[in-house]
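Asks: Attaching a single structure in structure tokens format; questions to follow.
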Amino acid sequence: MFRSAAGRHPGQTGGAQEIRSQVALELMLNAYAAGSALVVLRTLLLALGVDKHLWIGRAIYGPSRLLIMPFSFVPGSGLEIVGRLTLADATIFAAVLLVPLGMLVLGERRKRTAVVEPLADR
């Protein structure tokens, strides 16, 4: 068996603070997943040229407009790339794709730097 650097077994919980941190992390990941789904669907609908007057267009374009709005003020963001997909939409889509990649890289680095000590034989 191995003991972590904090002196706990790998499956042992750390109390209320750790539970609050876990809940906050899960809420942030769920919010990211919902926002990412909106951005991916928006990108797909814009690339296919789906009109905003259709029910799916209204359902996706309305809420996702809030995520795209800050990037729409950048000069050149209105340039259409594919169909009605603009540079602002493509930038947000690229960010959505790069966040999990960054989390994967940081997670691998943390795994390599973890300090592990063997338990004394009983």
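Residue numbering restarts at 1 in every chain; chains get A, B, ... in the order shown in the structure tokens, and ligands count up from 1 in that same order.
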Can you tell me which residues surround Leu67 of chain A at a distance of at most 9 Å, considering only C-alpha atoms, apart from same-chain residues fewer than 3 positions away, and format the answer as a ChimeraX atom specification?
Replies: /A:35,38-39,63-64,70-71,92
Asks: Write the residues of the selection above to a file with N, CA and C atoms, as a JSON list (two decimals), in the first residue's frame.
Replies:
[["chain", "number", "residue", "atom", "x", "y", "z"],
["A", 35, "GLY", "N", -22.01, 25.13, -21.22],
["A", 35, "GLY", "CA", -21.56, 26.18, -22.12],
["A", 35, "GLY", "C", -20.90, 25.62, -23.37],
["A", 38, "LEU", "N", -23.50, 24.35, -25.79],
["A", 38, "LEU", "CA", -24.11, 25.47, -26.53],
["A", 38, "LEU", "C", -23.19, 25.95, -27.65],
["A", 39, "VAL", "N", -21.92, 26.10, -27.35],
["A", 39, "VAL", "CA", -20.97, 26.60, -28.35],
["A", 39, "VAL", "C", -20.82, 25.61, -29.50],
["A", 63, "PRO", "N", -29.39, 31.79, -26.16],
["A", 63, "PRO", "CA", -28.52, 31.68, -24.99],
["A", 63, "PRO", "C", -27.03, 31.74, -25.32],
["A", 64, "SER", "N", -26.63, 31.22, -26.46],
["A", 64, "SER", "CA", -25.20, 31.19, -26.79],
["A", 64, "SER", "C", -24.69, 32.56, -27.23],
["A", 70, "PRO", "N", -18.80, 39.05, -26.04],
["A", 70, "PRO", "CA", -17.54, 39.76, -25.79],
["A", 70, "PRO", "C", -16.56, 39.71, -26.96],
["A", 71, "PHE", "N", -16.58, 38.65, -27.73],
["A", 71, "PHE", "CA", -15.66, 38.51, -28.86],
["A", 71, "PHE", "C", -16.16, 39.24, -30.10],
["A", 92, "ILE", "N", -14.32, 31.09, -30.12],
["A", 92, "ILE", "CA", -14.91, 30.47, -28.93],
["A", 92, "ILE", "C", -14.89, 28.95, -29.06]]
Asks: Got a sec to tell me which of segment 10-122 of chain A DSSP assigns to strand (DSSP E), as a PyMOL selection string?
Replies: chain A and resi 80-82+85-86+116-118
Asks: Would you please work out which residue, of A:Leu44, A:Ala34, A:Ile19, A:Glu26, is nearest to Leu85 of chain A when using only C-alpha atoms?
Replies: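 Closest residue, counting only C-alpha atoms: A:Leu44.
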Asks: In segment 31-84 of chain A, what's alpha helix (DSSP H) per DSSP? Answer as number ranges by chain?
Replies: A: 31-48, 55-68
Asks: Which residues come within 10 Å of Asp51 of chain A, counting only C-alpha atoms, excluding same-chain residues fewer than 6 positions away, as a list of chain:residue names?
Replies: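 Residues near the query, excluding close chain neighbours: A:Leu45, A:Gly57, A:Arg58, A:Tyr61, A:Arg84.
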Asks: Calculated over only C-alpha atoms, which of the candidates A:Val50, A:Val74, A:Ile56, A:Ala31 has the smallest distance to Thr91 of chain A?
Replies: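 The closest residue to Thr91 of chain A is A:Val74.
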Asks: Given only C-alpha atoms as the basis, pick out the residue of A:Leu97, A:Met103, A:Leu87, A:Val23 nearest to Ala47 of chain A.
Replies: A:Leu87
Asks: To one decimal place, how far is atom CA of Glu108 of chain A from atom CA of Val40 of chain A in Å?
Replies: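 We find that atom CA of Glu108 of chain A and atom CA of Val40 of chain A lie 26.0 Å from each other.
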Asks: Using Å and a single decimal, report how far atom CA of Gly49 of chain A sits from atom CA of Gly83 of chain A.
Replies: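 For atom CA of Gly83 of chain A relative to atom CA of Gly49 of chain A, the distance reads 5.5 Å.
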Asks: Atom CA of Gln17 of chain A to atom CA of Tyr32 of chain A: how many Å, to one decimal?
Replies: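 Between atom CA of Gln17 of chain A and atom CA of Tyr32 of chain A the gap is 22.6 Å.
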